[in-house]
file my_file.tsv (TSV, C-alpha atoms and all ligand atoms)
chain	number	residue	atom	x	y	z
A	147	MET	CA	1.40	-25.64	3.97
A	148	LYS	CA	1.94	-23.19	1.13
A	149	THR	CA	5.20	-21.35	0.59
A	150	ILE	CA	4.39	-17.68	0.16
A	151	LEU	CA	6.84	-15.04	-0.95
A	152	ILE	CA	6.17	-11.51	0.28
A	153	ALA	CA	8.26	-8.94	-1.57
A	154	GLY	CA	8.44	-5.77	0.52
A	155	GLY	CA	7.64	-7.90	3.58
A	156	ALA	CA	9.55	-5.69	6.04
A	157	GLY	CA	7.47	-2.63	5.14
A	158	PHE	CA	4.25	-1.36	6.66
A	159	LEU	CA	1.72	-3.52	4.80
A	160	GLY	CA	4.18	-6.35	4.12
A	161	SER	CA	4.97	-6.95	7.79
A	162	ASN	CA	1.26	-6.99	8.68
A	163	LEU	CA	0.75	-9.54	5.90
A	164	CYS	CA	3.67	-11.65	7.22
A	165	LYS	CA	2.04	-11.64	10.66
A	166	LYS	CA	-1.24	-12.95	9.28
A	167	LEU	CA	0.15	-15.51	6.80
A	168	ILE	CA	2.84	-17.03	9.02
A	169	LYS	CA	0.13	-18.71	11.10
A	170	ASP	CA	-0.62	-21.32	8.40
A	171	ASN	CA	2.14	-20.99	5.80
A	172	ILE	CA	5.87	-20.82	5.19
A	173	VAL	CA	6.59	-17.13	4.59
A	174	ILE	CA	9.64	-15.92	2.68
A	175	CYS	CA	10.10	-12.19	3.14
A	176	LEU	CA	12.19	-10.39	0.52
A	177	ASP	CA	13.14	-6.79	1.14
A	178	ASN	CA	15.93	-4.37	0.28
A	179	LEU	CA	15.05	-2.36	3.44
A	180	ILE	CA	14.90	0.92	1.51
A	181	THR	CA	11.80	2.01	3.49
A	182	GLY	CA	11.20	-1.21	5.42
A	183	ASN	CA	12.43	-1.87	8.92
A	184	MET	CA	13.82	-5.07	10.46
A	185	ALA	CA	12.00	-4.09	13.67
A	186	ASN	CA	8.72	-4.84	11.87
A	187	ILE	CA	9.68	-8.50	11.35
A	188	ILE	CA	11.81	-9.21	14.44
A	189	PRO	CA	8.93	-11.15	16.07
A	190	TYR	CA	9.02	-13.71	13.22
A	191	LEU	CA	12.78	-14.18	12.69
A	192	GLU	CA	12.96	-17.12	15.15
A	193	SER	CA	9.99	-18.92	13.60
A	194	PRO	CA	10.73	-22.04	11.50
A	195	ASN	CA	7.95	-20.82	9.18
A	196	PHE	CA	9.74	-17.58	8.36
A	197	LYS	CA	12.76	-16.67	6.28
A	198	PHE	CA	14.09	-13.19	5.56
A	199	ILE	CA	16.20	-12.57	2.45
A	200	LYS	CA	17.70	-9.15	1.82
A	201	HIS	CA	17.14	-8.73	-1.88
A	202	ASP	CA	16.23	-6.03	-4.37
A	203	ILE	CA	13.53	-7.23	-6.76
A	204	ILE	CA	14.99	-5.21	-9.61
A	205	ASN	CA	17.30	-8.27	-9.79
A	206	PRO	CA	15.99	-11.77	-10.59
A	207	ILE	CA	15.67	-14.40	-7.87
A	208	ASP	CA	14.90	-18.12	-7.96
A	209	ILE	CA	12.97	-19.66	-5.04
A	210	GLU	CA	10.33	-22.37	-5.27
A	211	ILE	CA	7.05	-20.83	-4.10
A	212	ASP	CA	3.27	-21.28	-4.39
A	213	GLU	CA	2.15	-17.66	-4.09
A	214	ILE	CA	3.73	-14.22	-4.43
A	215	TYR	CA	2.52	-10.96	-2.94
A	216	ASN	CA	4.44	-8.05	-4.45
A	217	LEU	CA	4.45	-5.05	-2.13
A	218	ALA	CA	8.02	-3.99	-2.88
A	219	CYS	CA	7.94	-0.30	-3.72
A	220	PRO	CA	8.21	2.77	-1.50
A	221	ALA	CA	4.65	4.07	-1.07
A	222	SER	CA	5.16	7.51	0.43
A	223	PRO	CA	5.83	10.43	-1.97
A	224	ILE	CA	8.85	11.69	0.01
A	225	HIS	CA	10.46	8.26	-0.26
A	226	TYR	CA	9.53	7.31	-3.83
A	227	GLN	CA	10.68	10.73	-5.09
A	228	LYS	CA	14.18	10.38	-3.51
A	229	ASP	CA	15.36	8.03	-6.27
A	230	PRO	CA	12.68	8.09	-8.99
A	231	ILE	CA	14.62	5.83	-11.36
A	232	HIS	CA	14.92	3.18	-8.69
A	233	THR	CA	11.19	3.55	-7.96
A	234	LEU	CA	10.43	2.93	-11.64
A	235	LYS	CA	12.79	-0.04	-11.73
A	236	SER	CA	11.19	-1.47	-8.58
A	237	SER	CA	7.74	-1.39	-10.19
A	238	VAL	CA	8.70	-2.38	-13.73
A	239	PHE	CA	11.78	-4.66	-13.48
A	240	GLY	CA	10.51	-5.88	-10.12
A	241	ILE	CA	7.16	-7.16	-11.36
A	242	TYR	CA	8.80	-8.62	-14.47
A	243	ASN	CA	11.24	-10.63	-12.30
A	244	LEU	CA	8.47	-11.83	-9.99
A	245	LEU	CA	6.20	-12.76	-12.91
A	246	GLU	CA	9.02	-14.85	-14.37
A	247	LEU	CA	9.23	-16.60	-11.00
A	248	ALA	CA	5.45	-17.12	-10.92
A	249	LYS	CA	5.59	-18.53	-14.45
A	250	LYS	CA	8.43	-20.93	-13.61
A	251	TYR	CA	6.68	-22.38	-10.52
A	252	ASN	CA	3.11	-21.96	-11.74
A	253	ALA	CA	2.48	-19.70	-8.72
A	254	LYS	CA	-0.28	-17.15	-8.18
A	255	ILE	CA	0.92	-13.58	-7.99
A	256	LEU	CA	-0.73	-10.52	-6.45
A	257	GLN	CA	0.46	-7.02	-7.26
A	258	ALA	CA	-0.05	-4.17	-4.77
A	259	SER	CA	-1.25	-1.55	-7.21
A	260	THR	CA	-2.63	1.75	-6.06
A	261	SER	CA	-5.35	4.36	-6.27
A	262	GLU	CA	-2.58	6.53	-7.75
A	263	VAL	CA	-3.23	4.83	-11.09
A	264	TYR	CA	-6.33	7.10	-11.16
A	265	GLY	CA	-4.09	10.19	-10.71
A	266	ASN	CA	-6.00	13.37	-9.91
A	267	PRO	CA	-9.34	11.76	-10.75
A	268	LEU	CA	-12.03	13.39	-12.85
A	269	GLU	CA	-14.47	10.64	-11.89
A	270	HIS	CA	-15.69	10.30	-8.31
A	271	PRO	CA	-15.76	7.84	-6.61
A	272	GLN	CA	-13.24	5.86	-8.62
A	273	LYS	CA	-14.42	2.62	-10.20
A	274	GLU	CA	-11.99	0.06	-11.60
A	275	SER	CA	-13.23	0.91	-15.11
A	276	TYR	CA	-11.90	4.52	-14.84
A	277	PHE	CA	-8.71	5.00	-16.91
A	278	GLY	CA	-7.38	7.79	-14.68
A	279	ASN	CA	-5.92	11.25	-15.05
A	280	VAL	CA	-2.19	10.86	-14.49
A	281	ASN	CA	0.53	13.39	-15.33
A	282	ILE	CA	3.16	11.45	-17.29
A	283	ASN	CA	5.98	13.85	-16.42
A	284	GLY	CA	5.24	15.14	-12.92
A	285	PRO	CA	7.02	14.42	-9.64
A	286	ARG	CA	4.57	11.61	-8.87
A	287	SER	CA	4.82	9.92	-12.26
A	288	CYS	CA	7.72	7.62	-11.28
A	289	TYR	CA	5.31	5.97	-8.86
A	290	ASP	CA	2.00	6.35	-10.72
A	291	GLU	CA	3.26	5.36	-14.16
A	292	GLY	CA	5.49	2.61	-12.70
A	293	LYS	CA	2.41	1.09	-11.08
A	294	ARG	CA	0.35	1.49	-14.26
A	295	CYS	CA	3.07	-0.22	-16.28
A	296	ALA	CA	3.27	-3.02	-13.69
A	297	GLU	CA	-0.47	-3.63	-14.18
A	298	SER	CA	0.08	-3.83	-17.95
A	299	ILE	CA	2.88	-6.37	-17.51
A	300	MET	CA	0.65	-8.43	-15.20
A	301	TYR	CA	-2.16	-8.31	-17.77
A	302	GLU	CA	0.14	-9.47	-20.60
A	303	TYR	CA	1.55	-12.40	-18.57
A	304	ASN	CA	-1.99	-13.50	-17.88
A	305	LYS	CA	-2.93	-13.25	-21.55
A	306	GLN	CA	0.22	-14.76	-23.00
A	307	TYR	CA	1.19	-17.37	-20.37
A	308	ASN	CA	-2.04	-17.73	-18.39
A	309	THR	CA	-0.20	-16.67	-15.23
A	310	GLN	CA	-2.65	-16.47	-12.34
A	311	ILE	CA	-2.59	-12.76	-11.54
A	312	ARG	CA	-4.38	-10.65	-8.92
A	313	ILE	CA	-4.28	-6.85	-8.91
A	314	ALA	CA	-5.26	-4.93	-5.77
A	315	ARG	CA	-5.73	-1.18	-6.26
A	316	ILE	CA	-5.06	-0.10	-2.70
A	317	PHE	CA	-6.35	3.21	-1.36
A	318	ASN	CA	-4.78	5.09	1.62
A	319	THR	CA	-4.13	2.61	4.39
A	320	TYR	CA	-2.77	3.34	7.86
A	321	GLY	CA	-1.94	1.56	11.09
A	322	LYS	CA	0.69	-0.30	13.08
A	323	ASN	CA	4.21	-0.63	11.62
A	324	MET	CA	4.14	2.64	9.67
A	325	GLN	CA	7.51	4.35	10.06
A	326	LYS	CA	7.90	7.58	12.04
A	327	ASP	CA	9.42	9.30	9.01
A	328	ASP	CA	6.92	7.76	6.61
A	329	GLY	CA	5.57	11.15	5.52
A	330	ARG	CA	1.98	10.09	4.80
A	331	VAL	CA	-0.95	12.05	6.12
A	332	ILE	CA	-2.11	9.95	9.09
A	333	SER	CA	1.38	9.21	10.41
A	334	ASN	CA	2.49	12.85	9.91
A	335	PHE	CA	-0.50	14.23	11.77
A	336	ILE	CA	-0.24	11.76	14.65
A	337	ILE	CA	3.50	12.37	15.15
A	338	GLN	CA	3.06	16.15	14.97
A	339	ALA	CA	0.10	16.04	17.35
A	340	LEU	CA	1.87	13.79	19.88
A	341	LYS	CA	4.85	16.17	19.87
A	342	ASN	CA	2.58	19.25	20.07
A	343	GLU	CA	4.25	20.52	16.88
A	344	ASP	CA	2.44	22.52	14.18
A	345	ILE	CA	0.29	20.29	11.97
A	346	THR	CA	1.10	20.92	8.34
A	347	ILE	CA	-1.86	21.13	5.98
A	348	TYR	CA	-1.01	21.36	2.30
A	349	GLY	CA	-3.41	23.61	0.36
A	350	ASP	CA	-6.68	24.64	2.02
A	351	GLY	CA	-7.21	21.21	3.55
A	352	LEU	CA	-10.50	20.73	1.73
A	353	GLN	CA	-9.07	17.97	-0.45
A	354	THR	CA	-10.44	14.58	0.62
A	355	ARG	CA	-8.98	11.20	1.43
A	356	SER	CA	-10.52	7.92	2.58
A	357	TYR	CA	-8.57	5.84	5.07
A	358	CYS	CA	-8.56	2.08	5.46
A	359	TYR	CA	-7.25	0.42	8.62
A	360	VAL	CA	-4.46	-2.05	7.92
A	361	ASP	CA	-6.22	-5.17	9.30
A	362	ASP	CA	-9.14	-4.64	6.91
A	363	LEU	CA	-6.78	-4.17	3.97
A	364	ILE	CA	-4.80	-7.32	4.78
A	365	ASP	CA	-8.04	-9.35	4.90
A	366	GLY	CA	-8.92	-7.92	1.50
A	367	LEU	CA	-5.55	-8.87	-0.01
A	368	ILE	CA	-5.83	-12.45	1.26
A	369	LYS	CA	-9.40	-12.77	-0.03
A	370	LEU	CA	-8.37	-11.40	-3.40
A	371	MET	CA	-5.49	-13.87	-3.66
A	372	ALA	CA	-7.91	-16.72	-2.87
A	373	SER	CA	-10.37	-15.56	-5.54
A	374	ASN	CA	-10.30	-16.08	-9.29
A	375	ILE	CA	-10.38	-12.38	-10.14
A	376	THR	CA	-7.65	-11.52	-12.62
A	377	THR	CA	-8.85	-7.95	-13.25
A	378	PRO	CA	-7.99	-4.98	-10.98
A	379	THR	CA	-9.96	-4.68	-7.73
A	380	ASN	CA	-10.23	-1.59	-5.55
A	381	LEU	CA	-9.52	-2.16	-1.86
A	382	GLY	CA	-10.04	0.73	0.50
A	383	ASN	CA	-12.47	2.43	2.82
A	384	PRO	CA	-15.07	4.53	0.97
A	385	ILE	CA	-15.76	6.91	3.87
A	386	GLU	CA	-14.34	10.26	2.86
A	387	TYR	CA	-12.81	12.96	5.09
A	388	THR	CA	-11.27	16.32	4.28
A	389	ILE	CA	-7.64	16.67	5.31
A	390	LEU	CA	-8.74	19.47	7.65
A	391	LYS	CA	-11.28	17.25	9.40
A	392	THR	CA	-8.68	14.47	9.67
A	393	ALA	CA	-6.25	16.85	11.42
A	394	LYS	CA	-8.95	18.06	13.82
A	395	ILE	CA	-9.96	14.48	14.76
A	396	ILE	CA	-6.32	13.58	15.48
A	397	ILE	CA	-5.73	16.74	17.55
A	398	SER	CA	-8.79	15.94	19.63
A	399	LYS	CA	-7.88	12.25	20.11
A	400	THR	CA	-4.33	13.07	21.23
A	401	ASN	CA	-5.38	16.05	23.41
A	402	SER	CA	-2.73	17.96	21.50
A	403	GLN	CA	-1.81	21.64	21.74
A	404	SER	CA	-0.77	21.61	18.04
A	405	LYS	CA	-1.85	24.45	15.75
A	406	LEU	CA	-2.71	24.04	12.08
A	407	ILE	CA	-0.37	25.69	9.56
A	408	PHE	CA	-1.04	25.88	5.84
A	409	LYS	CA	1.57	25.31	3.10
A	410	ASN	CA	1.40	25.21	-0.69
A	411	LEU	CA	-0.20	22.16	-2.23
A	412	PRO	CA	2.43	19.86	-3.84
A	413	ILE	CA	2.26	19.51	-7.64
A	414	ASP	CA	-0.34	16.96	-8.82
A	415	ASP	CA	-1.65	16.31	-5.30
A	416	PRO	CA	-5.03	14.61	-5.89
A	417	GLN	CA	-8.07	16.68	-4.85
A	418	LYS	CA	-10.38	13.77	-4.19
A	419	ARG	CA	-9.97	10.13	-3.30
A	420	LYS	CA	-12.73	7.65	-2.66
A	421	PRO	CA	-12.87	4.05	-3.85
A	422	ASP	CA	-15.95	2.49	-5.35
A	423	ILE	CA	-15.71	-0.93	-3.67
A	424	SER	CA	-18.85	-2.51	-5.09
A	425	LYS	CA	-16.76	-5.08	-6.96
A	426	ALA	CA	-14.88	-6.19	-3.80
A	427	LYS	CA	-18.16	-6.30	-1.88
A	428	LYS	CA	-19.91	-8.42	-4.48
A	429	GLU	CA	-17.12	-10.72	-5.63
A	430	LEU	CA	-15.00	-11.03	-2.47
A	431	ASN	CA	-17.69	-10.42	0.12
A	432	TRP	CA	-15.22	-7.88	1.56
A	433	GLU	CA	-15.69	-4.45	3.01
A	434	PRO	CA	-13.84	-2.58	5.75
A	435	LYS	CA	-15.12	-3.21	9.28
A	436	ILE	CA	-12.88	-1.02	11.41
A	437	SER	CA	-14.00	2.58	11.93
A	438	LEU	CA	-11.62	5.53	11.69
A	439	ASN	CA	-12.24	6.06	15.40
A	440	GLU	CA	-11.03	2.57	16.35
A	441	GLY	CA	-8.23	2.49	13.76
A	442	LEU	CA	-6.86	5.84	14.92
A	443	ASP	CA	-6.93	4.74	18.58
A	444	ASN	CA	-4.81	1.69	17.68
A	445	THR	CA	-2.44	3.74	15.52
A	446	ILE	CA	-2.01	6.50	18.11
A	447	SER	CA	-1.15	3.86	20.76
A	448	TYR	CA	1.42	2.35	18.39
A	449	PHE	CA	3.09	5.71	17.68
A	450	LYS	CA	3.08	6.60	21.40
A	451	GLU	CA	5.13	3.42	21.98
A	452	ILE	CA	7.71	4.08	19.27
A	453	ILE	CA	8.40	7.80	19.61
B	501	LIG	N1	-0.09	1.95	2.39
B	501	LIG	C1	-0.85	2.45	1.46
B	501	LIG	O1	-1.70	3.31	1.75
B	501	LIG	C2	-0.73	2.00	0.02
B	501	LIG	C3	-1.65	2.52	-0.91
B	501	LIG	C4	-1.55	2.09	-2.22
B	501	LIG	C5	-0.60	1.17	-2.60
B	501	LIG	N2	0.26	0.69	-1.67
B	501	LIG	C6	1.29	-0.26	-2.14
B	501	LIG	O2	1.50	-1.30	-1.20
B	501	LIG	C7	2.88	-1.65	-1.13
B	501	LIG	C8	3.37	-1.54	0.30
B	501	LIG	O3	3.17	-0.23	0.76
B	501	LIG	P1	3.59	0.20	2.23
B	501	LIG	O4	2.63	1.25	2.65
B	501	LIG	O5	3.75	-1.00	3.07
B	501	LIG	O6	4.98	0.91	1.94
B	501	LIG	P2	6.41	0.68	2.60
B	501	LIG	O7	7.32	1.70	2.00
B	501	LIG	O8	6.27	0.63	4.09
B	501	LIG	O9	6.80	-0.78	2.13
B	501	LIG	C9	7.47	-1.08	0.94
B	501	LIG	C10	8.50	-2.15	1.24
B	501	LIG	O10	9.12	-2.54	0.03
B	501	LIG	C11	10.53	-2.52	0.19
B	501	LIG	N3	11.09	-2.25	-1.14
B	501	LIG	C12	10.97	-1.12	-1.87
B	501	LIG	N4	11.57	-1.26	-3.07
B	501	LIG	C13	12.07	-2.52	-3.09
B	501	LIG	C14	12.81	-3.27	-4.03
B	501	LIG	N5	13.16	-2.74	-5.22
B	501	LIG	N6	13.19	-4.54	-3.71
B	501	LIG	C15	12.86	-5.08	-2.50
B	501	LIG	N7	12.16	-4.41	-1.57
B	501	LIG	C16	11.77	-3.15	-1.85
B	501	LIG	C17	10.79	-1.44	1.22
B	501	LIG	O11	12.05	-1.57	1.88
B	501	LIG	C18	9.61	-1.64	2.16
B	501	LIG	O12	9.90	-2.62	3.14
B	501	LIG	C19	3.61	-0.70	-2.08
B	501	LIG	O13	3.83	-1.37	-3.29
B	501	LIG	C20	2.65	0.43	-2.28
B	501	LIG	O14	2.79	1.01	-3.54
B	501	LIG	C21	0.23	1.08	-0.38

call {"tool": "encode", "arguments": {"input": "my_file.tsv", "output": "structure tokens"}}
result
Amino acid sequence: MKTILIAGGAGFLGSNLCKKLIKDNIVICLDNLITGNMANIIPYLESPNFKFIKHDIINPIDIEIDEIYNLACPASPIHYQKDPIHTLKSSVFGIYNLLELAKKYNAKILQASTSEVYGNPLEHPQKESYFGNVNINGPRSCYDEGKRCAESIMYEYNKQYNTQIRIARIFNTYGKNMQKDDGRVISNFIIQALKNEDITIYGDGLQTRSYCYVDDLIDGLIKLMASNITTPTNLGNPIEYTILKTAKIIISKTNSQSKLIFKNLPIDDPQKRKPDISKAKKELNWEPKISLNEGLDNTISYFKEII
């Protein structure tokens, strides 16, 4: 059995990863619970294969491990913008501390990077070779630039110390264990629709997003960790929807009485988002299998239970 550390393990993606990895491994979940929730990991707390440690990765830690998945960073703009300096420290000090740990124990380390490294992209769809169009000083830069810097630190540890790195550039993912107050598009729309509240569209709603269901994403992360790919790899679902279409699908699926209301587009909100996943397809034999239809049904059932 491997000992696998999951930083950010009580969060949305982290807890889904814990669920999958605990079957065949010892899982150590580190989390400062800033956006994570103990409820996400309660099912595993009794397991002899699971250990939770409340810890902030901006501080060093020493645990003997074989693999590290670093997911520790708030992912939703409303959360990462609450304390931008802490967000930057989480990405930059956090990955430095975890890379030191990986170096000490000769462990593999996977960084949850993001499509936000492409910023408001001028290339569409986004390939890994695209350098991005990120505003250095905007409200999103604490997240975007923190993640870009984390990739650079990963790259340098690989070059200088031959640390076995994996970089997943994750595109919008949704599903079970998202928080009610998460503030991302799918969870916002579902909550508003289930409560028959107005559905808030920012801008004209013609901006696009592509949504990956969490189970597909988790399979992609595990395949990437098992591979030998040390360069960044896009993981996401390439099927693109406008925000408007997304809202209409959710209203119809929830039989909601909600009306659409339009508000100003936030600064630097990306206009288009669609991963080019040819690298993941070819090198990992991975592509998403779960349709938006099925993924939304699962996610709506989950939110019905928790609200
Ligand atoms: N979900 C997505 O669509 C998406 C897209 C791109 C990238 N990502 C990346 O994947 C990772 C997980 O995202 P998520 O959607 O599960 O978000 P999340 O906010 O649900 O999870 C992040 C977890 O990390 C913890 N955390 C934050 N800062 C920490 C710190 N300094 N020390 C210890 N724990 C800390 C939080 O408490 C939370 O449990 C993030 O790094 C995010 O940037 C997610």

call {"tool": "axis_aligned_box", "arguments": {"input": "my_file.tsv", "around": "ligand LIG 501 (chain B)", "padding_each_side": "4 Å", "output": "JSON"}}
result
{"center_x": 5.7, "center_y": -0.9, "center_z": -0.6, "size_x": 22.9, "size_y": 16.4, "size_z": 17.3}

call {"tool": "closest_residue", "arguments": {"input": "my_file.tsv", "among": "A:Ile337, A:Leu370, A:Lys249, A:Arg355", "to": "A:Gln325", "atoms": "only C-alpha atoms"}}
result
A:Ile337

call {"tool": "residues_near_point", "arguments": {"input": "my_file.tsv", "point": "(-15.7, 16.4, 7.1)", "cutoff": "12 Å", "atoms": "only C-alpha atoms", "output": "PyMOL selection string"}}
result
chain A and resi 351-356+385-395

call {"tool": "closest_residue", "arguments": {"input": "my_file.tsv", "among": "A:Asn216, A:Asn252, A:Thr377, A:Asn266", "to": "A:Ile313", "atoms": "all atoms listed in the file"}}
result
A:Thr377

call {"tool": "closest_residue", "arguments": {"input": "my_file.tsv", "among": "A:Cys295, A:Ala314, A:Leu151, A:Ile446", "to": "A:Leu247", "atoms": "all atoms listed in the file"}}
result
A:Leu151

call {"tool": "closest_residue", "arguments": {"input": "my_file.tsv", "among": "A:Lys428, A:Arg419, A:Arg286, A:Lys326", "to": "A:Thr445", "atoms": "all atoms listed in the file"}}
result
A:Lys326

call {"tool": "closest_residue", "arguments": {"input": "my_file.tsv", "among": "A:Gly182, A:Gly284, A:Pro223, A:Pro412", "to": "ligand LIG 501 (chain B)", "atoms": "all atoms listed in the file"}}
result
A:Gly182

call {"tool": "atom_distance", "arguments": {"input": "my_file.tsv", "atom1": "atom CA of A:Ile187", "atom2": "atom CA of A:Ser161"}}
result
6.1 Å

call {"tool": "residues_near_ligand", "arguments": {"input": "my_file.tsv", "ligand": "ligand LIG 501 (chain B)", "cutoff": "7 Å", "atoms": "all atoms listed in the file", "output": "mmCIF file with C-alpha atoms, keeping the file's coordinate frame"}}
result
data_model
loop_
_atom_site.group_PDB
_atom_site.id
_atom_site.type_symbol
_atom_site.label_atom_id
_atom_site.label_comp_id
_atom_site.auth_asym_id
_atom_site.auth_seq_id
_atom_site.Cartn_x
_atom_site.Cartn_y
_atom_site.Cartn_z
ATOM 1 C CA ALA A 153 8.260 -8.940 -1.570
ATOM 2 C CA GLY A 154 8.440 -5.770 0.520
ATOM 3 C CA GLY A 155 7.640 -7.900 3.580
ATOM 4 C CA ALA A 156 9.550 -5.690 6.040
ATOM 5 C CA GLY A 157 7.470 -2.630 5.140
ATOM 6 C CA PHE A 158 4.250 -1.360 6.660
ATOM 7 C CA LEU A 159 1.720 -3.520 4.800
ATOM 8 C CA GLY A 160 4.180 -6.350 4.120
ATOM 9 C CA LEU A 176 12.190 -10.390 0.520
ATOM 10 C CA ASP A 177 13.140 -6.790 1.140
ATOM 11 C CA ASN A 178 15.930 -4.370 0.280
ATOM 12 C CA LEU A 179 15.050 -2.360 3.440
ATOM 13 C CA ILE A 180 14.900 0.920 1.510
ATOM 14 C CA THR A 181 11.800 2.010 3.490
ATOM 15 C CA GLY A 182 11.200 -1.210 5.420
ATOM 16 C CA ASN A 183 12.430 -1.870 8.920
ATOM 17 C CA HIS A 201 17.140 -8.730 -1.880
ATOM 18 C CA ASP A 202 16.230 -6.030 -4.370
ATOM 19 C CA ILE A 203 13.530 -7.230 -6.760
ATOM 20 C CA ILE A 204 14.990 -5.210 -9.610
ATOM 21 C CA ASN A 216 4.440 -8.050 -4.450
ATOM 22 C CA LEU A 217 4.450 -5.050 -2.130
ATOM 23 C CA ALA A 218 8.020 -3.990 -2.880
ATOM 24 C CA CYS A 219 7.940 -0.300 -3.720
ATOM 25 C CA PRO A 220 8.210 2.770 -1.500
ATOM 26 C CA ALA A 221 4.650 4.070 -1.070
ATOM 27 C CA SER A 222 5.160 7.510 0.430
ATOM 28 C CA THR A 233 11.190 3.550 -7.960
ATOM 29 C CA SER A 236 11.190 -1.470 -8.580
ATOM 30 C CA GLY A 240 10.510 -5.880 -10.120
ATOM 31 C CA ALA A 258 -0.050 -4.170 -4.770
ATOM 32 C CA SER A 259 -1.250 -1.550 -7.210
ATOM 33 C CA THR A 260 -2.630 1.750 -6.060
ATOM 34 C CA SER A 261 -5.350 4.360 -6.270
ATOM 35 C CA ARG A 315 -5.730 -1.180 -6.260
ATOM 36 C CA ILE A 316 -5.060 -0.100 -2.700
ATOM 37 C CA PHE A 317 -6.350 3.210 -1.360
ATOM 38 C CA ASN A 318 -4.780 5.090 1.620
ATOM 39 C CA THR A 319 -4.130 2.610 4.390
ATOM 40 C CA TYR A 320 -2.770 3.340 7.860
ATOM 41 C CA MET A 324 4.140 2.640 9.670
#

call {"tool": "atom_distance", "arguments": {"input": "my_file.tsv", "atom1": "atom CA of A:Ser373", "atom2": "atom CA of A:Ser275"}}
result
19.3 Å

call {"tool": "residues_near_point", "arguments": {"input": "my_file.tsv", "point": "(-10.6, -4.0, -2.0)", "cutoff": "10 Å", "atoms": "all atoms listed in the file", "output": "PyMOL selection string"}}
result
chain A and resi 313-317+358+362-367+369-370+378-383+421-427+430-434

call {"tool": "closest_residue", "arguments": {"input": "my_file.tsv", "among": "A:Lys197, A:Asp443, A:Leu191, A:Gln310", "to": "A:Lys322", "atoms": "all atoms listed in the file"}}
result
A:Asp443

call {"tool": "atom_distance", "arguments": {"input": "my_file.tsv", "atom1": "atom CA of A:Tyr303", "atom2": "atom CA of A:Gly265"}}
result
24.6 Å

call {"tool": "residues_around", "arguments": {"input": "my_file.tsv", "residues": "A:Asp212", "least_positions_apart": "2", "cutoff": "9 Å", "atoms": "all atoms listed in the file", "output": "ChimeraX atom specification"}}
result
/A:148-151,210,214,248,251-255

call {"tool": "residues_around", "arguments": {"input": "my_file.tsv", "residues": "A:Lys409", "least_positions_apart": "3", "cutoff": "9 Å", "atoms": "all atoms listed in the file", "output": "NGL selection string"}}
result
:A and (346-350 or 412)
